[in-house]
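Novice: My file is input00.pdb. It has PDB, C-alpha atoms:
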```
ATOM      1  CA  MET C   1     200.959 182.512 -95.214
ATOM      2  CA  ALA C   2     203.727 185.105 -95.669
ATOM      3  CA  ASP C   3     205.724 185.192 -98.879
ATOM      4  CA  LEU C   4     209.354 184.758 -97.771
ATOM      5  CA  SER C   5     210.787 185.059-101.264
ATOM      6  CA  SER C   6     210.313 188.841-101.208
ATOM      7  CA  ALA C   7     212.161 189.028 -97.869
ATOM      8  CA  ALA C   8     215.154 186.994 -99.110
ATOM      9  CA  PRO C   9     217.217 189.964-100.376
ATOM     10  CA  TYR C  10     216.865 191.694 -97.017
ATOM     11  CA  LEU C  11     217.865 188.546 -95.117
ATOM     12  CA  ASP C  12     220.913 188.130 -97.375
ATOM     13  CA  ASP C  13     221.856 191.790 -96.874
ATOM     14  CA  ASN C  14     221.556 191.351 -93.107
ATOM     15  CA  LEU C  15     223.844 188.306 -93.200
ATOM     16  CA  SER C  16     226.304 190.190 -95.386
ATOM     17  CA  LEU C  17     226.209 193.224 -93.099
ATOM     18  CA  SER C  18     226.721 191.001 -90.079
ATOM     19  CA  LEU C  19     229.747 189.337 -91.687
ATOM     20  CA  LEU C  20     231.069 192.710 -92.834
ATOM     21  CA  ASN C  21     230.748 194.169 -89.337
ATOM     22  CA  GLU C  22     232.306 191.123 -87.668
ATOM     23  CA  LEU C  23     235.349 191.026 -89.951
ATOM     24  CA  SER C  24     235.722 194.824 -89.995
ATOM     25  CA  VAL C  25     235.935 194.899 -86.205
ATOM     26  CA  LYS C  26     238.291 191.917 -86.143
ATOM     27  CA  TYR C  27     240.738 193.512 -88.589
ATOM     28  CA  GLY C  28     240.260 197.123 -87.478
ATOM     29  CA  ILE C  29     238.799 198.313 -90.775
ATOM     30  CA  GLN C  30     236.271 201.143 -90.524
ATOM     31  CA  THR C  31     233.830 200.181 -93.283
ATOM     32  CA  HIS C  32     230.936 201.777 -91.392
ATOM     33  CA  LEU C  33     232.366 205.212 -92.251
ATOM     34  CA  SER C  34     232.264 204.501 -95.981
ATOM     35  CA  HIS C  35     229.184 205.421 -97.983
ATOM     36  CA  ALA C  36     229.969 202.764-100.569
ATOM     37  CA  PRO C  37     227.306 200.156-101.403
ATOM     38  CA  LEU C  38     227.399 196.813 -99.573
ATOM     39  CA  PRO C  39     228.954 194.792-102.431
ATOM     40  CA  GLN C  40     231.788 197.322-102.716
ATOM     41  CA  LYS C  41     232.443 197.199 -98.951
ATOM     42  CA  LEU C  42     232.520 193.401 -99.091
ATOM     43  CA  GLU C  43     234.917 193.558-102.037
ATOM     44  CA  GLU C  44     237.229 195.934-100.137
ATOM     45  CA  LEU C  45     237.266 193.581 -97.163
ATOM     46  CA  ARG C  46     237.923 190.662 -99.507
ATOM     47  CA  GLU C  47     240.988 192.418-100.930
ATOM     48  CA  TYR C  48     242.232 193.197 -97.423
ATOM     49  CA  ILE C  49     241.958 189.525 -96.426
ATOM     50  CA  ARG C  50     243.782 188.490 -99.617
ATOM     51  CA  ARG C  51     246.651 190.843 -98.704
ATOM     52  CA  GLU C  52     246.713 189.359 -95.190
ATOM     53  CA  ILE C  53     246.924 185.850 -96.678
ATOM     54  CA  LYS C  54     249.872 186.900 -98.880
ATOM     55  CA  LYS C  55     251.603 188.444 -95.877
ATOM     56  CA  GLU C  56     251.056 185.316 -93.771
ATOM     57  CA  LEU C  57     252.381 183.101 -96.574
ATOM     58  CA  LYS C  58     255.598 185.139 -96.592
ATOM     59  CA  ILE C  59     255.900 184.775 -92.814
ATOM     60  CA  LYS C  60     255.413 181.029 -93.114
ATOM     61  CA  GLU C  61     257.958 180.783 -95.927
ATOM     62  CA  GLY C  62     260.496 182.730 -93.864
ATOM     63  CA  ALA C  63     259.915 180.518 -90.842
ATOM     64  CA  GLU C  64     260.324 177.390 -92.937
ATOM     65  CA  ASN C  65     263.632 178.758 -94.257
ATOM     66  CA  LEU C  66     264.717 179.417 -90.667
ATOM     67  CA  ARG C  67     263.801 175.852 -89.774
ATOM     68  CA  LYS C  68     266.275 174.606 -92.393
ATOM     69  CA  VAL C  69     269.180 176.410 -90.716
ATOM     70  CA  ALA C  70     268.136 176.100 -87.063
ATOM     71  CA  LYS C  71     270.604 173.969 -85.109
ATOM     72  CA  ASP C  72     269.571 173.737 -81.476
ATOM     73  CA  LYS C  73     266.324 172.282 -80.135
ATOM     74  CA  LYS C  74     265.102 175.604 -78.738
ATOM     75  CA  SER C  75     265.418 177.374 -82.096
ATOM     76  CA  VAL C  76     263.765 174.492 -83.949
ATOM     77  CA  SER C  77     260.949 174.471 -81.380
ATOM     78  CA  ASP C  78     260.444 178.243 -81.701
ATOM     79  CA  VAL C  79     260.379 178.072 -85.485
ATOM     80  CA  ASN C  80     257.976 175.118 -85.427
ATOM     81  CA  HIS C  81     255.687 177.184 -83.204
ATOM     82  CA  ILE C  82     255.800 180.068 -85.690
ATOM     83  CA  VAL C  83     254.969 177.739 -88.600
ATOM     84  CA  LYS C  84     252.099 176.153 -86.659
ATOM     85  CA  LYS C  85     250.728 179.577 -85.684
ATOM     86  CA  SER C  86     251.024 180.730 -89.298
ATOM     87  CA  ASN C  87     249.199 177.631 -90.581
ATOM     88  CA  THR C  88     246.384 178.274 -88.103
ATOM     89  CA  LYS C  89     246.078 181.906 -89.162
ATOM     90  CA  LEU C  90     246.150 180.951 -92.849
ATOM     91  CA  SER C  91     243.340 178.440 -92.329
ATOM     92  CA  GLU C  92     241.296 181.072 -90.510
ATOM     93  CA  LEU C  93     241.892 183.705 -93.199
ATOM     94  CA  GLN C  94     241.053 181.270 -95.996
ATOM     95  CA  ALA C  95     237.802 180.261 -94.261
ATOM     96  CA  GLU C  96     236.877 183.939 -93.829
ATOM     97  CA  LEU C  97     237.702 184.646 -97.468
ATOM     98  CA  GLN C  98     235.549 181.731 -98.574
ATOM     99  CA  GLU C  99     232.654 182.940 -96.429
ATOM    100  CA  LEU C 100     233.089 186.463 -97.764
ATOM    101  CA  ASP C 101     233.164 185.166-101.354
ATOM    102  CA  SER C 102     229.914 183.291-100.809
ATOM    103  CA  GLN C 103     228.297 186.409 -99.316
ATOM    104  CA  LEU C 104     229.491 188.431-102.299
ATOM    105  CA  LEU C 105     227.876 185.915-104.649
ATOM    106  CA  VAL C 106     224.640 186.025-102.681
ATOM    107  CA  THR C 107     224.656 189.829-102.543
ATOM    108  CA  GLN C 108     225.398 190.152-106.236
ATOM    109  CA  GLY C 109     222.800 187.474-106.950
ATOM    110  CA  ASN C 110     220.167 189.778-105.443
ATOM    111  CA  LEU C 111     220.883 192.426-108.036
ATOM    112  CA  PRO C 112     218.672 192.459-111.123
ATOM    113  CA  THR C 113     220.157 190.470-113.958
ATOM    114  CA  SER C 114     221.538 192.896-116.484
ATOM    115  CA  PRO C 115     224.679 192.936-118.560
ATOM    116  CA  MET C 116     227.420 194.638-116.608
ATOM    117  CA  ALA C 117     231.117 195.148-117.013
ATOM    118  CA  PRO C 118     233.199 192.606-115.048
ATOM    119  CA  ASP C 119     234.738 195.246-112.784
ATOM    120  CA  SER C 120     231.631 197.346-112.168
ATOM    121  CA  VAL C 121     229.725 197.185-108.917
ATOM    122  CA  LEU C 122     226.079 198.149-108.732
ATOM    123  CA  SER C 123     224.328 199.525-105.701
ATOM    124  CA  PRO C 124     221.617 197.164-104.360
ATOM    125  CA  ARG C 125     219.390 200.141-103.479
ATOM    126  CA  PHE C 126     219.653 201.823-106.887
ATOM    127  CA  PRO C 127     220.168 199.010-109.412
ATOM    128  CA  ASN C 128     220.707 201.238-112.452
ATOM    129  CA  THR C 129     223.362 203.488-110.929
ATOM    130  CA  PRO C 130     227.016 202.592-110.540
ATOM    131  CA  GLY C 131     228.211 202.105-106.962
TER     132      GLY C 131
END
```
Step by step, read the file and then write its structure as structure tokens.
Specialist:
Amino acid sequence: MADLSSAAPYLDDNLSLSLLNELSVKYGIQTHLSHAPLPQKLEELREYIRREIKKELKIKEGAENLRKVAKDKKSVSDVNHIVKKSNTKLSELQAELQELDSQLLVTQGNLPTSPMAPDSVLSPRFPNTPG
């Protein structure tokens, strides 16, 4: 019987790479050109998604302010559509961020346990060298 526990880090890396590739293509980020280690690439994508969430929250806030001053049915309908679209995008971004966070935890969980500075990222291939 094969020992799957030794294959677990590679399976986790494959899932992380798959998620990284999927979200990179979706948002037009070229992470495949970077030579950074996987956890650092995931962290960069995470920060990008956080910025997108902040941007979408501002759009939603602006639309809700417009809704307060809209008078005719057409304007109210248009603004309601913008708010609904923004809510949908926010839900999608938050789900992607949550999935990315869980992959980051899994990826970092595969690294050997050693004391490390909170902001440092270690390379999974070379555990004792900074990323």
Novice: Can you work out which one of C:Glu61, C:Pro37, C:Asp78, C:Leu20 has the shortest atom-to-atom distance to Ile49 of chain C, counting all atoms listed in the file?
Specialist: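 Looking only at the distances to Ile49 of chain C, the closest residue turns out to be C:Leu20.
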Novice: Nearest residue to Leu100 of chain C out of C:Leu38, C:Leu45, C:Gly28, C:Lys58, using only C-alpha atoms?
Specialist: C:Leu45
Novice: Give the padded box for segment 40-52 of chain C as lines of an AutoDock Vina configuration file: axis-aligned, covering all atoms listed in the file, 3 Å on each side, centre and edge lengths in Å to one decimal.
Specialist:
```
center_x = 239.3
center_y = 192.9
center_z = -99.0
size_x = 20.9
size_y = 14.8
size_z = 13.5
```
Novice: Could you state the separation of atom CA of Lys60 of chain C and atom CA of Val83 of chain C in Å, given to one decimal place?
Specialist: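 According to the coordinates, atom CA of Lys60 of chain C and atom CA of Val83 of chain C are separated by 5.6 Å.
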Novice: Quick one, how far is atom CA of Thr107 of chain C from atom CA of Lys89 of chain C?
Specialist: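 Atom-to-atom, atom CA of Thr107 of chain C and atom CA of Lys89 of chain C are spaced 26.5 Å apart.
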Novice: Need the shell around Val76 of chain C: protein/DNA/RNA residues with any atom at most 12 Å away, counting only C-alpha atoms. Skip same-chain ones fewer than 4 positions apart. Format as a list in words?
Specialist: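 Near neighbours after the sequence-gap exclusion: Ala63, Glu64, Asn65, Leu66, Arg67, Lys68, Val69, Ala70, Lys71, Asp72, Asn80, His81, Ile82 and Val83 of chain C.
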Novice: How many Å separate atom CA of Glu96 of chain C from atom CA of Arg50 of chain C?
Specialist: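 Separation between atom CA of Glu96 of chain C and atom CA of Arg50 of chain C: 10.1 Å.
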Novice: With distances taken over all atoms listed in the file, which residue among C:Lys41, C:Glu47, C:Gln94, C:Ser75 lies nearest Leu19 of chain C?
Specialist: C:Lys41
Novice: Expand the PyMOL selection byres ((chain C and resi 23) around 12) into the explicit residue set it covers here, and present it as a PyMOL selection string.
Specialist: chain C and resi 16-22+24-32+41-42+44-46+48-49+92-93+95-97+99-100
Novice: Let me make sure I understand: among C:Gln40, C:Lys74, C:Val79, C:Ser86, which one has the smallest atom-to-atom distance to Lys55 of chain C if we use all atoms listed in the file?
Specialist: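 Nearest to Lys55 of chain C: C:Ser86.
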